[in-house]
Each structure stands twice: as C-alpha cells, then as structure tokens.
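The structure under discussion appears below in the form of structure tokens.
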Amino acid sequence: MCMAILGSLTWRPTAHPFRTRQRSASDHPACDWTCPTWSVTAGVLAQHGYGLLFWINATASIIAALIVWRRIPETRPPTPKQPRRALLPVLLRDRPMIAMVLLYVAYFTLFLQTFATLPLVMTADGHGPATYGAVLALNGILIVVGQPLAVRLLAGRDPSAVLAVSMLMVGASVGLTALVENGAGYAGSVLVWTLGQIGIAVMFGATFADLAPADLRGRYMGVASATWSVGAVLGPLVGTVLLDHAGREALGAACAIIGVALFAGQQALGPALRHRTAAQADGQP
C-alpha cells in the first residue's frame, strides 16, 4: 500500500509526457547504482540469518524518510484549488487505459518471478544466497550501463513495439530459468530479462502519460504505478503455487507463454495508443 502511494506521489510532479521521458531516463539508473552493492552484500549477510537484513532495511527506510522530511523542500509553487474531474468515471470508460493496466499487472506478475521463484529454483540447484545476490547484481550493473544508451537508441521508435518486444524478452528469459542449472546459465537469463526491463523502463511512463487527459495525468500515473504493486502481490502468490504444485518446467513454460501473450496484446494495442497520442498532440480531449 505504501509503495502504491509513494509511486502515485513521485509520478505526479513529472506527469507531462516530455518530463516523464526524462524521468524514465534518470530515476531508474539512480536507484540501480546501488543495486550491485546491496545485492552482493545482502547475499553474504543472508548466510548469517535474515533478521539482520530486515533491521538494516527498516533502519535505512526510516533514515531516508527523515532526510526527505527535513532536508528536501517542496518545489511546486502554491496554486489555488480548482474543481477537478473525478478519476473513476473517466477511467472506466477509457478502454485503452484499462487494457494497459491489465496488461501491466500481468507483466509485473511475470517479472516478479525474478525475485520470488528464481531464488527458490537456484536454491534447489544448490546455489546459496550469495550466488543469487551476485547474479542479481549483474542486473543492476547492466541497467546502470545500458539504460542511458537505450534512451538514445530507442528515441523516436514506436513505444508499443518496444514495450511488446521487451515483454517478450522478459517472458522468454524468465522461462529459460527452468532449463539452466549453473551460474553462467542464470547470468545469461538475467542479461536477457534485464534488456527487456530496460526497454520497459524507458517507455513505460511516457506511454501512460501520453494516454492520460491533461487534467488527470497525475492520477493516471498513480494508477500506472499501482500495476507494479498489484503484480508484486500476485507474482509471489501465483509463482510459488505453480512451482510447488506443477514444478519448475511448468513455471518456465507458463512464463514463456505469458511473454508471448503480452507481446501480442501490446502489439494489438498499438494502433489505439498511436491514435490517442496523435489526438493529445492535436489538443483533442
């Protein structure tokens, strides 16, 4: 719940499509600069028990909250309160937006297998927390190095095509974890799904911002960010049940099939998204 609220608030100041593209190019690498360090460190510390990790996480969160509270000023100028349209009536009539929300709930449910079932599969293959931490650190390194390049390479390309291919890459590579057993195989899988993750990160925010009416853009972005939170709930639940009852091969096949379905769904939405973007550019509601 807190993550969903935080996502809504952090997207709201950057709800303009151009600024949203700038944000996509900057905020994820900023987060991932620390990923290689914390991934490896957490893997090592986990060998001595998980209690210390939870206390470190809680302490760091409190310190970060205090820094924001005391040291980061409000930058938005005060504006007079104006009557606003209700979000829900508009949202429920917006079929492309509803379709995008459902699509990305499914995508994040798929993507969360990298944090929910991947460590379980690696443990079953005899790899400890330190190995999982090292493999996950590769994800952060690739994002830090690759995302700034991806922003330039993907500029001007059709967002739906980029998003569709990215989801296909994530689904296929997560599915491959059912076939690999050694560290090199897992590292190769991480390489592929990280490239897909980068493509999603570059285009996700701007695509939802382009979908939104100007006066509801901040709240549309809040709904978009909530897809991650819903996926974070469903991913571990669905993934662990499937792994426990059907096995890793079935889980891998399901991830690959979902990746193909997401690719097809995003491609099918492409014309509607392009029409909406063109209408917004022409100033139509």
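Order determines the names: the first chain of the structure tokens is A, the second B, and so forth; residues in each chain are numbered 1 upward, and ligands are numbered 1 upward as they are shown.
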
Which neighbours of A:Leu88 fall inside 12 Å, counting only C-alpha atoms, when residues of the same chain fewer than 2 positions from it are skipped, and could you give them as a PDB file with N, CA, C and O atoms, in the first residue's frame?
```pdb
ATOM      1  N   ARG A  84     -11.927  19.549  -9.696  1.00  0.00           N
ATOM      2  CA  ARG A  84     -11.293  18.554 -10.545  1.00  0.00           C
ATOM      3  C   ARG A  84     -12.301  17.487 -10.950  1.00  0.00           C
ATOM      4  O   ARG A  84     -13.211  17.147 -10.188  1.00  0.00           O
ATOM      5  N   ARG A  85     -12.097  16.966 -12.139  1.00  0.00           N
ATOM      6  CA  ARG A  85     -12.927  15.842 -12.575  1.00  0.00           C
ATOM      7  C   ARG A  85     -12.629  14.619 -11.726  1.00  0.00           C
ATOM      8  O   ARG A  85     -11.480  14.389 -11.319  1.00  0.00           O
ATOM      9  N   ALA A  86     -13.645  13.839 -11.473  1.00  0.00           N
ATOM     10  CA  ALA A  86     -13.434  12.569 -10.778  1.00  0.00           C
ATOM     11  C   ALA A  86     -12.696  11.612 -11.708  1.00  0.00           C
ATOM     12  O   ALA A  86     -12.954  11.561 -12.913  1.00  0.00           O
ATOM     13  N   VAL A  90     -14.046   8.608 -15.653  1.00  0.00           N
ATOM     14  CA  VAL A  90     -13.256   8.735 -16.881  1.00  0.00           C
ATOM     15  C   VAL A  90     -12.467   7.460 -17.134  1.00  0.00           C
ATOM     16  O   VAL A  90     -12.417   6.933 -18.255  1.00  0.00           O
ATOM     17  N   LEU A  91     -11.859   6.931 -16.088  1.00  0.00           N
ATOM     18  CA  LEU A  91     -11.007   5.750 -16.221  1.00  0.00           C
ATOM     19  C   LEU A  91     -11.801   4.541 -16.695  1.00  0.00           C
ATOM     20  O   LEU A  91     -11.342   3.791 -17.570  1.00  0.00           O
ATOM     21  N   LEU A  92     -12.980   4.351 -16.151  1.00  0.00           N
ATOM     22  CA  LEU A  92     -13.775   3.174 -16.500  1.00  0.00           C
ATOM     23  C   LEU A  92     -14.271   3.207 -17.942  1.00  0.00           C
ATOM     24  O   LEU A  92     -14.593   2.163 -18.506  1.00  0.00           O
ATOM     25  N   ARG A  93     -14.326   4.401 -18.537  1.00  0.00           N
ATOM     26  CA  ARG A  93     -14.723   4.496 -19.949  1.00  0.00           C
ATOM     27  C   ARG A  93     -13.529   4.464 -20.891  1.00  0.00           C
ATOM     28  O   ARG A  93     -13.703   4.436 -22.114  1.00  0.00           O
ATOM     29  N   ASP A  94     -12.346   4.467 -20.349  1.00  0.00           N
ATOM     30  CA  ASP A  94     -11.122   4.540 -21.150  1.00  0.00           C
ATOM     31  C   ASP A  94     -10.610   3.121 -21.420  1.00  0.00           C
ATOM     32  O   ASP A  94      -9.809   2.571 -20.664  1.00  0.00           O
ATOM     33  N   MET A  97      -6.754   2.497 -21.676  1.00  0.00           N
ATOM     34  CA  MET A  97      -6.104   2.573 -20.380  1.00  0.00           C
ATOM     35  C   MET A  97      -6.387   1.326 -19.550  1.00  0.00           C
ATOM     36  O   MET A  97      -5.483   0.764 -18.918  1.00  0.00           O
ATOM     37  N   ILE A  98      -7.638   0.876 -19.543  1.00  0.00           N
ATOM     38  CA  ILE A  98      -7.979  -0.345 -18.800  1.00  0.00           C
ATOM     39  C   ILE A  98      -7.176  -1.528 -19.335  1.00  0.00           C
ATOM     40  O   ILE A  98      -6.644  -2.348 -18.572  1.00  0.00           O
ATOM     41  N   LEU A 216      -5.961  14.908 -15.769  1.00  0.00           N
ATOM     42  CA  LEU A 216      -5.946  13.688 -14.948  1.00  0.00           C
ATOM     43  C   LEU A 216      -4.615  12.946 -15.048  1.00  0.00           C
ATOM     44  O   LEU A 216      -4.521  11.810 -14.590  1.00  0.00           O
ATOM     45  N   ARG A 219      -3.043  11.502 -11.787  1.00  0.00           N
ATOM     46  CA  ARG A 219      -3.772  10.366 -11.227  1.00  0.00           C
ATOM     47  C   ARG A 219      -3.703   9.152 -12.144  1.00  0.00           C
ATOM     48  O   ARG A 219      -3.685   8.007 -11.666  1.00  0.00           O
ATOM     49  N   TYR A 220      -3.666   9.357 -13.445  1.00  0.00           N
ATOM     50  CA  TYR A 220      -3.431   8.229 -14.360  1.00  0.00           C
ATOM     51  C   TYR A 220      -2.076   7.577 -14.059  1.00  0.00           C
ATOM     52  O   TYR A 220      -1.931   6.358 -14.082  1.00  0.00           O
ATOM     53  N   VAL A 223      -2.309   5.359 -11.111  1.00  0.00           N
ATOM     54  CA  VAL A 223      -2.883   4.059 -11.469  1.00  0.00           C
ATOM     55  C   VAL A 223      -1.831   3.193 -12.157  1.00  0.00           C
ATOM     56  O   VAL A 223      -1.709   1.991 -11.886  1.00  0.00           O
TER      57      VAL A 223
END
```

Problem set entry | Spatial neighbours of stretch 227-239 of chain A, 7 Å, only C-alpha atoms, chain gap at least 2 places, as a list in words | Met3, Ala4, Val101, Tyr104, Val105, Ala106, Phe108, Thr109, Leu110, Leu112, Gln113, Ala116, Thr117, Val223, Ala224, Ser225, Val241, Leu242 and Leu243 of chain A

Limited to N, CA, C and O atoms, could you put the picked residues into a file as an mmCIF file, in the first residue's frame?
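What ended up in part.cif:
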```cif
data_model
loop_
_atom_site.group_PDB
_atom_site.id
_atom_site.type_symbol
_atom_site.label_atom_id
_atom_site.label_comp_id
_atom_site.auth_asym_id
_atom_site.auth_seq_id
_atom_site.Cartn_x
_atom_site.Cartn_y
_atom_site.Cartn_z
ATOM 1 N N MET A 3 3.922 1.504 -1.026
ATOM 2 C CA MET A 3 4.619 1.614 -2.306
ATOM 3 C C MET A 3 3.709 2.226 -3.369
ATOM 4 O O MET A 3 4.145 3.040 -4.190
ATOM 5 N N ALA A 4 2.424 1.854 -3.359
ATOM 6 C CA ALA A 4 1.492 2.416 -4.339
ATOM 7 C C ALA A 4 1.300 3.910 -4.119
ATOM 8 O O ALA A 4 1.270 4.699 -5.063
ATOM 9 N N VAL A 101 -3.599 -1.259 -18.144
ATOM 10 C CA VAL A 101 -3.477 -1.608 -16.731
ATOM 11 C C VAL A 101 -3.473 -3.123 -16.551
ATOM 12 O O VAL A 101 -2.625 -3.685 -15.847
ATOM 13 N N TYR A 104 -0.212 -4.667 -17.774
ATOM 14 C CA TYR A 104 0.979 -4.473 -16.947
ATOM 15 C C TYR A 104 0.850 -5.107 -15.567
ATOM 16 O O TYR A 104 1.871 -5.404 -14.942
ATOM 17 N N VAL A 105 -0.353 -5.356 -15.102
ATOM 18 C CA VAL A 105 -0.493 -6.212 -13.925
ATOM 19 C C VAL A 105 0.040 -7.609 -14.249
ATOM 20 O O VAL A 105 0.783 -8.221 -13.471
ATOM 21 N N ALA A 106 -0.327 -8.117 -15.433
ATOM 22 C CA ALA A 106 0.182 -9.426 -15.859
ATOM 23 C C ALA A 106 1.688 -9.388 -16.057
ATOM 24 O O ALA A 106 2.403 -10.327 -15.657
ATOM 25 N N PHE A 108 3.985 -7.397 -14.613
ATOM 26 C CA PHE A 108 4.719 -7.321 -13.352
ATOM 27 C C PHE A 108 4.568 -8.598 -12.534
ATOM 28 O O PHE A 108 5.474 -8.954 -11.776
ATOM 29 N N THR A 109 3.436 -9.285 -12.683
ATOM 30 C CA THR A 109 3.310 -10.607 -12.066
ATOM 31 C C THR A 109 4.363 -11.552 -12.630
ATOM 32 O O THR A 109 4.991 -12.335 -11.893
ATOM 33 N N LEU A 110 4.568 -11.471 -13.945
ATOM 34 C CA LEU A 110 5.617 -12.254 -14.592
ATOM 35 C C LEU A 110 7.000 -11.812 -14.130
ATOM 36 O O LEU A 110 7.836 -12.634 -13.729
ATOM 37 N N LEU A 112 8.019 -10.341 -11.486
ATOM 38 C CA LEU A 112 8.332 -10.594 -10.076
ATOM 39 C C LEU A 112 8.806 -12.014 -9.823
ATOM 40 O O LEU A 112 9.310 -12.307 -8.723
ATOM 41 N N GLN A 113 8.709 -12.895 -10.836
ATOM 42 C CA GLN A 113 9.278 -14.232 -10.663
ATOM 43 C C GLN A 113 10.802 -14.166 -10.489
ATOM 44 O O GLN A 113 11.402 -15.066 -9.903
ATOM 45 N N ALA A 116 10.821 -13.766 -6.752
ATOM 46 C CA ALA A 116 10.029 -14.685 -5.938
ATOM 47 C C ALA A 116 10.438 -16.140 -6.143
ATOM 48 O O ALA A 116 10.786 -16.832 -5.185
ATOM 49 N N THR A 117 10.401 -16.612 -7.381
ATOM 50 C CA THR A 117 10.668 -18.028 -7.620
ATOM 51 C C THR A 117 12.091 -18.300 -8.096
ATOM 52 O O THR A 117 12.586 -19.418 -7.926
ATOM 53 N N VAL A 223 -2.309 5.359 -11.111
ATOM 54 C CA VAL A 223 -2.883 4.059 -11.469
ATOM 55 C C VAL A 223 -1.831 3.193 -12.157
ATOM 56 O O VAL A 223 -1.709 1.991 -11.886
ATOM 57 N N ALA A 224 -1.047 3.810 -13.043
ATOM 58 C CA ALA A 224 0.001 3.052 -13.734
ATOM 59 C C ALA A 224 1.016 2.481 -12.750
ATOM 60 O O ALA A 224 1.423 1.325 -12.850
ATOM 61 N N SER A 225 1.425 3.292 -11.781
ATOM 62 C CA SER A 225 2.413 2.811 -10.815
ATOM 63 C C SER A 225 1.841 1.718 -9.927
ATOM 64 O O SER A 225 2.581 0.858 -9.436
ATOM 65 N N VAL A 241 2.882 -21.030 -5.968
ATOM 66 C CA VAL A 241 1.879 -22.097 -6.060
ATOM 67 C C VAL A 241 2.153 -22.964 -7.287
ATOM 68 O O VAL A 241 2.114 -24.204 -7.216
ATOM 69 N N LEU A 242 2.444 -22.312 -8.422
ATOM 70 C CA LEU A 242 2.717 -23.074 -9.642
ATOM 71 C C LEU A 242 3.996 -23.890 -9.501
ATOM 72 O O LEU A 242 4.052 -25.061 -9.923
ATOM 73 N N LEU A 243 5.021 -23.299 -8.899
ATOM 74 C CA LEU A 243 6.280 -24.026 -8.697
ATOM 75 C C LEU A 243 6.083 -25.216 -7.778
ATOM 76 O O LEU A 243 6.619 -26.304 -8.021
#
```

For this session: Pick out the closest residue to A:His127 from this set: A:Glu249, A:Asp215, A:Glu74, A:Glu181. Count only C-alpha atoms.
Result: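 Between A:Glu249, A:Asp215, A:Glu74, A:Glu181, the residue approaching A:His127 most closely is A:Glu181.
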
For this session: Please return as a PyMOL selection string: the residues of stretch 65-274 of chain A that backbone DSSP assigns to helix (DSSP H, G or I).
Result: chain A and resi 65-71+87-93+95-111+113-116+118-124+129-153+159-176+183-211+214-246+248-274

Exercise. What does the distance between atom CA of A:Ala178 and atom CA of A:Gly252 come to in Å, to one decimal place?
Worked result: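 These two atoms are separated by 5.1 Å.
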
For this session: Determine, counting only C-alpha atoms, which protein, DNA and RNA residues have an atom within 9 Å of an atom of A:Leu195; residues of the same chain fewer than 2 positions away are not included. Present the result as a count of residues only.
Result: 15
